[in-house]
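The file entry_5.txt comes next; it holds compact mmCIF, C-alpha atoms.
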# COMPACT_ATOMS: atom_id res chain seq x y z
CA MET F 165 0.00 0.00 0.00
CA LYS F 166 1.28 3.44 -0.97
CA ILE F 167 0.04 6.05 1.48
CA GLY F 168 0.24 9.73 0.58
CA ILE F 169 0.54 12.12 3.51
CA ILE F 170 -0.59 15.65 2.72
CA GLU F 171 1.31 18.14 4.88
CA CYS F 172 -1.11 20.96 5.68
CA GLY F 173 1.05 22.65 8.31
CA PRO F 174 4.63 22.58 9.63
CA VAL F 175 5.94 22.07 13.14
CA PRO F 176 6.57 25.55 14.65
CA ALA F 177 9.99 26.89 13.72
CA ALA F 178 11.17 26.98 17.34
CA LEU F 179 10.62 23.21 17.66
CA ARG F 180 12.02 21.99 14.33
CA ASN F 181 15.49 21.26 15.69
CA THR F 182 13.95 18.98 18.31
CA TYR F 183 11.03 17.30 16.56
CA ILE F 184 10.38 15.72 13.18
CA SER F 185 7.65 16.96 10.83
CA TYR F 186 4.03 15.95 11.15
CA PRO F 187 4.19 13.60 8.14
CA ALA F 188 7.29 11.99 9.68
CA MET F 189 5.44 11.53 13.00
CA PHE F 190 2.68 9.66 11.20
CA SER F 191 4.94 7.51 9.05
CA ALA F 192 7.20 6.61 12.00
CA GLN F 193 4.26 5.45 14.10
CA LEU F 194 2.24 3.81 11.34
CA ALA F 195 5.13 1.90 9.78
CA PRO F 196 5.31 -0.80 12.52
CA LEU F 197 1.52 -1.22 12.34
CA LEU F 198 1.46 -1.36 8.51
CA PRO F 199 4.71 -3.17 7.62
CA LEU F 200 3.84 -3.45 3.92
CA ALA F 201 3.05 0.26 3.51
CA THR F 202 5.24 2.99 2.09
CA PHE F 203 4.75 6.68 2.83
CA GLU F 204 5.26 9.73 0.62
CA THR F 205 4.62 13.35 1.52
CA VAL F 206 2.96 16.06 -0.56
CA SER F 207 3.49 19.41 1.18
CA VAL F 208 0.68 21.69 0.04
CA VAL F 209 1.59 24.17 2.77
CA HIS F 210 5.00 24.57 1.09
CA GLY F 211 3.56 24.94 -2.39
CA GLU F 212 3.77 21.38 -3.74
CA ALA F 213 1.08 20.53 -6.26
CA LEU F 214 -1.41 17.79 -5.51
CA PRO F 215 -1.24 14.76 -7.81
CA GLY F 216 -4.32 12.88 -8.95
CA PRO F 217 -6.09 10.79 -6.31
CA GLU F 218 -4.96 7.65 -8.12
CA ALA F 219 -1.29 8.46 -7.40
CA ARG F 220 -1.57 6.72 -4.00
CA ASP F 221 -3.63 3.86 -2.62
CA ALA F 222 -4.71 5.92 0.40
CA TRP F 223 -4.35 9.45 1.75
CA LEU F 224 -3.81 11.08 5.13
CA LEU F 225 -4.24 14.81 5.81
CA THR F 226 -2.32 16.33 8.72
CA GLY F 227 -3.10 19.13 11.13
CA SER F 228 -2.28 22.79 10.52
CA ARG F 229 -2.22 26.14 12.30
CA HIS F 230 -4.36 27.46 9.44
CA GLY F 231 -8.14 27.44 9.25
CA VAL F 232 -10.20 25.89 6.49
CA TYR F 233 -11.69 29.36 5.90
CA ASP F 234 -8.28 31.05 5.40
CA ASP F 235 -7.62 32.73 2.05
CA LEU F 236 -4.67 30.56 1.01
CA PRO F 237 -3.97 29.37 -2.54
CA TRP F 238 -3.97 25.67 -1.63
CA ILE F 239 -7.22 25.50 0.37
CA GLU F 240 -9.75 25.30 -2.47
CA PRO F 241 -7.61 22.90 -4.57
CA LEU F 242 -7.34 20.66 -1.52
CA LYS F 243 -11.13 20.62 -1.12
CA THR F 244 -11.49 19.68 -4.79
CA PHE F 245 -8.90 16.94 -4.29
CA ILE F 246 -10.80 15.59 -1.27
CA ARG F 247 -14.00 15.35 -3.29
CA ALA F 248 -12.12 13.50 -6.05
CA VAL F 249 -10.62 11.03 -3.57
CA ALA F 250 -14.07 10.41 -2.10
CA ALA F 251 -15.55 9.90 -5.57
CA GLN F 252 -12.88 7.30 -6.34
CA ARG F 253 -13.52 5.66 -2.96
CA ARG F 254 -9.89 5.66 -1.98
CA PRO F 255 -9.28 5.41 1.78
CA MET F 256 -8.67 8.80 3.37
CA VAL F 257 -7.85 9.85 6.92
CA GLY F 258 -7.95 13.37 8.34
CA VAL F 259 -6.51 14.62 11.63
CA CYS F 260 -7.42 17.98 13.24
CA PHE F 261 -7.25 20.42 10.28
CA GLY F 262 -7.51 17.36 8.02
CA HIS F 263 -10.67 16.32 9.87
CA GLN F 264 -12.10 19.80 9.41
CA ILE F 265 -11.30 20.34 5.74
CA ILE F 266 -12.67 16.93 4.76
CA ALA F 267 -15.91 17.88 6.50
CA GLU F 268 -16.01 21.28 4.75
CA ALA F 269 -15.35 19.71 1.36
CA LEU F 270 -18.11 17.14 1.81
CA GLY F 271 -20.96 19.28 3.10
CA GLY F 272 -20.17 20.14 6.72
CA ARG F 273 -19.17 23.45 8.25
CA VAL F 274 -16.26 24.51 10.45
CA GLN F 275 -15.77 27.62 12.56
CA LYS F 276 -14.03 28.83 15.69
CA ALA F 277 -15.58 27.10 18.68
CA GLU F 278 -17.56 29.30 21.05
CA ILE F 279 -15.96 27.44 23.95
CA GLY F 280 -12.50 28.60 22.79
CA TRP F 281 -9.27 26.63 22.67
CA ARG F 282 -9.18 22.95 23.58
CA VAL F 283 -5.60 22.21 24.57
CA GLY F 284 -4.01 19.27 26.36
CA LEU F 285 -5.57 15.90 27.08
CA GLU F 286 -9.27 15.63 26.30
CA THR F 287 -11.47 12.67 27.17
CA TYR F 288 -13.63 11.33 24.36
CA ALA F 289 -16.37 8.75 24.17
CA THR F 290 -15.37 6.66 21.16
CA ARG F 291 -16.77 3.84 19.08
CA PHE F 292 -14.27 2.35 16.68
CA ASN F 293 -14.77 -1.08 15.14
CA GLY F 294 -17.92 -1.47 17.21
CA ALA F 295 -16.11 -1.15 20.55
CA ALA F 296 -17.24 1.65 22.88
CA GLN F 297 -14.64 3.11 25.22
CA SER F 298 -13.56 6.32 26.90
CA VAL F 299 -10.09 7.50 25.90
CA ALA F 300 -7.86 10.49 26.61
CA MET F 301 -6.27 11.99 23.50
CA PRO F 302 -4.11 15.08 22.83
CA ALA F 303 -6.12 18.07 21.64
CA PHE F 304 -4.89 21.34 20.19
CA HIS F 305 -7.52 23.35 18.33
CA GLN F 306 -9.83 26.33 18.39
CA ASP F 307 -11.76 25.46 15.23
CA GLN F 308 -14.13 22.54 15.06
CA ILE F 309 -16.98 21.11 13.00
CA VAL F 310 -20.29 22.77 13.86
CA VAL F 311 -22.45 21.20 11.12
CA GLN F 312 -22.08 17.45 10.64
CA PRO F 313 -21.49 16.45 7.00
CA PRO F 314 -24.23 14.30 5.45
CA GLY F 315 -23.58 10.58 5.26
CA THR F 316 -21.44 10.41 8.39
CA GLU F 317 -21.53 8.61 11.72
CA ILE F 318 -20.04 10.02 14.91
CA VAL F 319 -17.31 7.74 16.26
CA ALA F 320 -15.80 10.11 18.83
CA GLN F 321 -17.26 12.98 20.83
CA SER F 322 -16.90 15.00 24.00
CA ASP F 323 -19.04 17.62 25.72
CA ALA F 324 -16.90 20.34 24.15
CA CYS F 325 -16.54 18.71 20.72
CA PRO F 326 -19.59 16.73 19.56
CA TYR F 327 -18.09 15.82 16.16
CA ALA F 328 -14.62 14.78 17.30
CA GLY F 329 -14.53 11.69 15.11
CA LEU F 330 -16.46 10.89 11.94
CA SER F 331 -16.83 7.81 9.78
CA TYR F 332 -18.23 8.44 6.31
CA THR F 333 -20.83 5.98 5.07
CA ASP F 334 -20.61 6.82 1.35
CA ALA F 335 -16.81 6.62 1.07
CA PRO F 336 -13.96 5.00 3.04
CA ILE F 337 -13.09 8.08 5.13
CA LEU F 338 -12.19 8.35 8.81
CA SER F 339 -11.33 11.63 10.49
CA VAL F 340 -10.61 12.78 14.04
CA GLN F 341 -10.23 16.16 15.74
CA PHE F 342 -7.58 15.00 18.21
CA HIS F 343 -3.90 14.28 17.57
CA PRO F 344 -2.93 10.61 17.93
CA GLU F 345 0.50 11.47 16.47
CA PHE F 346 1.45 13.76 19.40
CA ASN F 347 3.50 12.31 22.23
CA ARG F 348 3.62 13.90 25.67
CA PRO F 349 6.89 15.84 25.22
CA TYR F 350 5.77 17.34 21.93
CA LEU F 351 2.34 18.31 23.24
CA ALA F 352 3.87 19.99 26.29
CA ASP F 353 6.53 21.81 24.25
CA LEU F 354 3.99 22.93 21.65
CA ILE F 355 1.77 24.45 24.33
CA ALA F 356 4.72 26.13 26.02
CA CYS F 357 6.19 27.41 22.76
CA LEU F 358 3.05 29.03 21.39
CA SER F 359 1.95 30.37 24.77
CA LYS F 360 5.35 31.98 25.39
CA GLN F 361 5.49 33.51 21.94
CA GLY F 362 1.93 34.80 22.18
CA ALA F 363 1.51 33.30 18.73
CA GLU F 364 -2.02 32.13 19.46
CA PRO F 365 -4.20 34.72 21.27
CA GLY F 366 -6.30 33.15 24.01
CA LEU F 367 -4.19 30.01 24.22
CA PRO F 368 -4.14 28.74 27.82
CA PRO F 369 -0.66 29.17 29.35
CA GLN F 370 -0.87 25.69 30.86
CA ALA F 371 -2.87 22.60 30.09
CA GLU F 372 -2.92 19.03 31.30
CA THR F 373 -0.67 16.89 29.13
CA GLY F 374 -0.97 13.74 31.22
CA ASP F 375 0.55 10.51 30.06
CA VAL F 376 0.29 10.20 26.29
CA ALA F 377 1.91 6.81 25.96
CA ASP F 378 -0.21 4.26 24.12
CA ASP F 379 -0.87 3.93 20.41
CA THR F 380 -4.64 3.49 20.55
CA GLY F 381 -5.43 6.31 18.13
CA MET F 382 -2.74 5.29 15.68
CA ARG F 383 -4.00 1.71 15.75
CA TRP F 384 -7.46 2.94 14.81
CA ILE F 385 -5.95 4.69 11.78
CA ALA F 386 -3.81 1.69 10.84
CA ASP F 387 -6.76 -0.72 11.12
CA PHE F 388 -8.88 1.58 8.98
CA LEU F 389 -6.22 1.90 6.27
CA ALA F 390 -5.65 -1.86 6.30
CA GLY F 391 -9.39 -2.53 6.02
CA ARG F 392 -9.46 -4.39 9.30

Render the structure in this file as structure tokens.
Amino acid sequence: MKIGIIECGPVPAALRNTYISYPAMFSAQLAPLLPLATFETVSVVHGEALPGPEARDAWLLTGSRHGVYDDLPWIEPLKTFIRAVAAQRRPMVGVCFGHQIIAEALGGRVQKAEIGWRVGLETYATRFNGAAQSVAMPAFHQDQIVVQPPGTEIVAQSDACPYAGLSYTDAPILSVQFHPEFNRPYLADLIACLSKQGAEPGLPPQAETGDVADDTGMRWIADFLAGR
């Protein structure tokens, strides 16, 4: 399986000497779970052109500091690409910004949440592969889906984020608002970095980072991509 990872946002500049890119985080953690897969990155945030949906067997869209409503030259082409992938019924996964832009492209709506930033560990009620459980996952967002796209089922939610995970019934798409790729050190350093710089107005100066240690979220993604 050839998996294309669409880089929608970079790691903050202050953290790039310490941490790998978001596509590298995904490929490093998914590789042991999908030993027959290969991973290639298309960086739309750095101006790389999107190929046709058929160029990869499956696609994964990363998070981003940008909003789906931002006036950026790659936003609308990415929405068109998402609709083409869905039409071809190629597996697609979205995380955070990826979750949001898939929803926008396929009939949902995203905006800044009235509740404000959700940062740190959030507890979600989840239902993946028919199993209901409560899990704590890293969150880092102020935008979220406010209108559920048609043809979707909720597979993760919290009081603050009712559409935290969606499974699409008309195409093989899974998307989540939280960040299964973040480990505890990165989550803590990201919060500290952006709070210190004042880069994100309203960002809480501290948030609970807890113990982000297991690979539950990444296993959900791997199982989905593998058709398990």

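Once Leu225 in chain F and its same-chain neighbours fewer than 4 positions away are set aside, Gly168, Ile169, Ile170, Glu171, Cys172, Pro187, Met256, Val257, Gly258, Val259, Cys260, Phe261, Gly262, His263, Ile265 and Ile266 of chain F remain within 9 Å of it when counting all atoms listed in the file.
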
*What is the distance between CA of Pro314 in chain F and CA of Val206 in chain F, in Å to one decimal?*
27.9 Å

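Counting only C-alpha atoms and comparing F:Asp221, F:Asp353, F:Asp334, F:Asp307, the residue that lies closest to Pro255 in chain F is F:Asp221.
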
_With only C-alpha atoms as the counted atoms, please give the residues lying no more than 12 Å from Phe245 in chain F, apart from itself and same-chain residues fewer than 6 positions off, as a ChimeraX atom specification._
/F:170,208,213-219,223,225,238-239,251-252,254,256,265-266,269-270

*Computed interatomic separation between CA of Ser331 in chain F and CA of Val310 in chain F (Å)*: 15.9 Å

*Could you tell me, as a ChimeraX atom specification, which residues have any atom at most 7 Å from (3.4, 22.6, 11.2), counting only C-alpha atoms?*
/F:173-176,186,228-229

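If you measure from each of F:Thr182, F:Cys325, F:Ile167, F:Gly381 to Tyr350 in chain F using only C-alpha atoms, the closest one turns out to be F:Thr182.
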
*Atom pair CA of Asp323 in chain F / CA of Tyr288 in chain F: separation (Å)*: 8.4 Å

*Give me the residues within 10 Å of Gln193 in chain F as a PyMOL selection string, counting all atoms listed in the file and dropping any in the same chain fewer than 2 places off.*
chain F and resi 188-191+195-198+344-345+379+382-383+386

Residues from last step as file, C-alpha atoms, as a PDB file, in the frame of the given file:
ATOM      1  CA  ALA F 188       7.290  11.990   9.680  1.00  0.00           C
ATOM      2  CA  MET F 189       5.440  11.530  13.000  1.00  0.00           C
ATOM      3  CA  PHE F 190       2.680   9.660  11.200  1.00  0.00           C
ATOM      4  CA  SER F 191       4.940   7.510   9.050  1.00  0.00           C
ATOM      5  CA  ALA F 195       5.130   1.900   9.780  1.00  0.00           C
ATOM      6  CA  PRO F 196       5.310  -0.800  12.520  1.00  0.00           C
ATOM      7  CA  LEU F 197       1.520  -1.220  12.340  1.00  0.00           C
ATOM      8  CA  LEU F 198       1.460  -1.360   8.510  1.00  0.00           C
ATOM      9  CA  PRO F 344      -2.930  10.610  17.930  1.00  0.00           C
ATOM     10  CA  GLU F 345       0.500  11.470  16.470  1.00  0.00           C
ATOM     11  CA  ASP F 379      -0.870   3.930  20.410  1.00  0.00           C
ATOM     12  CA  MET F 382      -2.740   5.290  15.680  1.00  0.00           C
ATOM     13  CA  ARG F 383      -4.000   1.710  15.750  1.00  0.00           C
ATOM     14  CA  ALA F 386      -3.810   1.690  10.840  1.00  0.00           C
TER      15      ALA F 386
END

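When all atoms listed in the file are used to measure the gap to His305 in chain F, the shortest distance among F:Val319, F:Ile246, F:Ala328, F:Leu194 belongs to F:Ala328.
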
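Using only C-alpha atoms, the shortest contact distance between Glu286 in chain F and any of F:Gln308, F:Gln341, F:Thr244, F:Ser185 is found at F:Gln341.
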
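Minimum atom-to-atom distances from F:Ile355, F:Trp384, F:Val340, F:Gly272 to Gly294 in chain F were compared using only C-alpha atoms, and the lowest value belongs to F:Trp384.
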
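Considering the residues F:Arg392, F:Thr287, F:Ala250, F:Phe304 and counting only C-alpha atoms, Pro336 in chain F has its shortest atom-to-atom contact with F:Ala250.
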
Could you work out an axis-aligned box for range 332-335 of chain F, taking every atom the file lists and adding 8 Å on each side, and report centre and edge lengths in Å to one decimal, as lines of an AutoDock Vina configuration file?
center_x = -18.8
center_y = 7.2
center_z = 3.7
size_x = 20.0
size_y = 18.5
size_z = 21.2

_Spatial neighbours of Ala320 in chain F, max dist 10 Å, all atoms listed in the file, sep filter under 2 positions, as a list of chain:residue names_ = F:Thr287, F:Tyr288, F:Ala289, F:Thr290, F:Arg291, F:Phe292, F:Ala296, F:Gln297, F:Ser298, F:Val299, F:Glu317, F:Ile318, F:Ser322, F:Cys325, F:Pro326, F:Tyr327, F:Ala328, F:Gly329, F:Leu330, F:Ser331, F:Ser339, F:Val340, F:Gln341, F:Phe342

Could I see range 314-337 of chain F restored to N, CA and C atoms, set down as a PDB file, in the coordinates of the input?
ATOM      1  N   PRO F 314     -23.275  15.391   5.718  1.00  0.00           N
ATOM      2  CA  PRO F 314     -24.230  14.300   5.450  1.00  0.00           C
ATOM      3  C   PRO F 314     -23.481  12.993   5.209  1.00  0.00           C
ATOM      4  N   GLY F 315     -24.162  11.892   5.500  1.00  0.00           N
ATOM      5  CA  GLY F 315     -23.580  10.580   5.260  1.00  0.00           C
ATOM      6  C   GLY F 315     -22.420  10.260   6.169  1.00  0.00           C
ATOM      7  N   THR F 316     -22.503  10.699   7.431  1.00  0.00           N
ATOM      8  CA  THR F 316     -21.440  10.410   8.390  1.00  0.00           C
ATOM      9  C   THR F 316     -22.029   9.863   9.684  1.00  0.00           C
ATOM     10  N   GLU F 317     -21.194   9.110  10.393  1.00  0.00           N
ATOM     11  CA  GLU F 317     -21.530   8.610  11.720  1.00  0.00           C
ATOM     12  C   GLU F 317     -20.506   9.129  12.710  1.00  0.00           C
ATOM     13  N   ILE F 318     -20.948   9.529  13.878  1.00  0.00           N
ATOM     14  CA  ILE F 318     -20.040  10.020  14.910  1.00  0.00           C
ATOM     15  C   ILE F 318     -19.381   8.836  15.599  1.00  0.00           C
ATOM     16  N   VAL F 319     -18.039   8.831  15.614  1.00  0.00           N
ATOM     17  CA  VAL F 319     -17.310   7.740  16.260  1.00  0.00           C
ATOM     18  C   VAL F 319     -16.476   8.235  17.442  1.00  0.00           C
ATOM     19  N   ALA F 320     -16.465   9.543  17.659  1.00  0.00           N
ATOM     20  CA  ALA F 320     -15.800  10.110  18.830  1.00  0.00           C
ATOM     21  C   ALA F 320     -16.452  11.437  19.151  1.00  0.00           C
ATOM     22  N   GLN F 321     -16.665  11.708  20.446  1.00  0.00           N
ATOM     23  CA  GLN F 321     -17.260  12.980  20.830  1.00  0.00           C
ATOM     24  C   GLN F 321     -16.944  13.280  22.292  1.00  0.00           C
ATOM     25  N   SER F 322     -17.032  14.556  22.625  1.00  0.00           N
ATOM     26  CA  SER F 322     -16.900  15.000  24.000  1.00  0.00           C
ATOM     27  C   SER F 322     -17.935  16.096  24.226  1.00  0.00           C
ATOM     28  N   ASP F 323     -18.090  16.541  25.451  1.00  0.00           N
ATOM     29  CA  ASP F 323     -19.040  17.620  25.720  1.00  0.00           C
ATOM     30  C   ASP F 323     -18.661  18.884  24.951  1.00  0.00           C
ATOM     31  N   ALA F 324     -17.362  19.134  24.823  1.00  0.00           N
ATOM     32  CA  ALA F 324     -16.900  20.340  24.150  1.00  0.00           C
ATOM     33  C   ALA F 324     -16.831  20.189  22.642  1.00  0.00           C
ATOM     34  N   CYS F 325     -16.747  18.951  22.158  1.00  0.00           N
ATOM     35  CA  CYS F 325     -16.540  18.710  20.720  1.00  0.00           C
ATOM     36  C   CYS F 325     -17.422  17.542  20.278  1.00  0.00           C
ATOM     37  N   PRO F 326     -18.650  17.814  19.879  1.00  0.00           N
ATOM     38  CA  PRO F 326     -19.590  16.730  19.560  1.00  0.00           C
ATOM     39  C   PRO F 326     -19.256  15.941  18.304  1.00  0.00           C
ATOM     40  N   TYR F 327     -18.449  16.518  17.403  1.00  0.00           N
ATOM     41  CA  TYR F 327     -18.090  15.820  16.160  1.00  0.00           C
ATOM     42  C   TYR F 327     -16.581  15.574  16.124  1.00  0.00           C
ATOM     43  N   ALA F 328     -16.065  14.973  17.172  1.00  0.00           N
ATOM     44  CA  ALA F 328     -14.620  14.780  17.300  1.00  0.00           C
ATOM     45  C   ALA F 328     -14.085  13.628  16.464  1.00  0.00           C
ATOM     46  N   GLY F 329     -14.949  12.772  16.000  1.00  0.00           N
ATOM     47  CA  GLY F 329     -14.530  11.690  15.110  1.00  0.00           C
ATOM     48  C   GLY F 329     -15.684  11.321  14.206  1.00  0.00           C
ATOM     49  N   LEU F 330     -15.417  11.202  12.906  1.00  0.00           N
ATOM     50  CA  LEU F 330     -16.460  10.890  11.940  1.00  0.00           C
ATOM     51  C   LEU F 330     -16.034   9.726  11.042  1.00  0.00           C
ATOM     52  N   SER F 331     -16.985   8.847  10.785  1.00  0.00           N
ATOM     53  CA  SER F 331     -16.830   7.810   9.780  1.00  0.00           C
ATOM     54  C   SER F 331     -17.839   8.085   8.673  1.00  0.00           C
ATOM     55  N   TYR F 332     -17.372   8.102   7.438  1.00  0.00           N
ATOM     56  CA  TYR F 332     -18.230   8.440   6.310  1.00  0.00           C
ATOM     57  C   TYR F 332     -18.833   7.167   5.735  1.00  0.00           C
ATOM     58  N   THR F 333     -20.138   7.181   5.520  1.00  0.00           N
ATOM     59  CA  THR F 333     -20.830   5.980   5.070  1.00  0.00           C
ATOM     60  C   THR F 333     -20.813   5.803   3.564  1.00  0.00           C
ATOM     61  N   ASP F 334     -20.586   6.894   2.819  1.00  0.00           N
ATOM     62  CA  ASP F 334     -20.610   6.820   1.350  1.00  0.00           C
ATOM     63  C   ASP F 334     -19.229   6.689   0.731  1.00  0.00           C
ATOM     64  N   ALA F 335     -18.193   6.730   1.549  1.00  0.00           N
ATOM     65  CA  ALA F 335     -16.810   6.620   1.070  1.00  0.00           C
ATOM     66  C   ALA F 335     -15.953   6.152   2.242  1.00  0.00           C
ATOM     67  N   PRO F 336     -14.828   5.494   1.960  1.00  0.00           N
ATOM     68  CA  PRO F 336     -13.960   5.000   3.040  1.00  0.00           C
ATOM     69  C   PRO F 336     -13.123   6.140   3.635  1.00  0.00           C
ATOM     70  N   ILE F 337     -13.742   6.918   4.518  1.00  0.00           N
ATOM     71  CA  ILE F 337     -13.090   8.080   5.130  1.00  0.00           C
ATOM     72  C   ILE F 337     -13.265   8.003   6.636  1.00  0.00           C
TER      73      ILE F 337
END
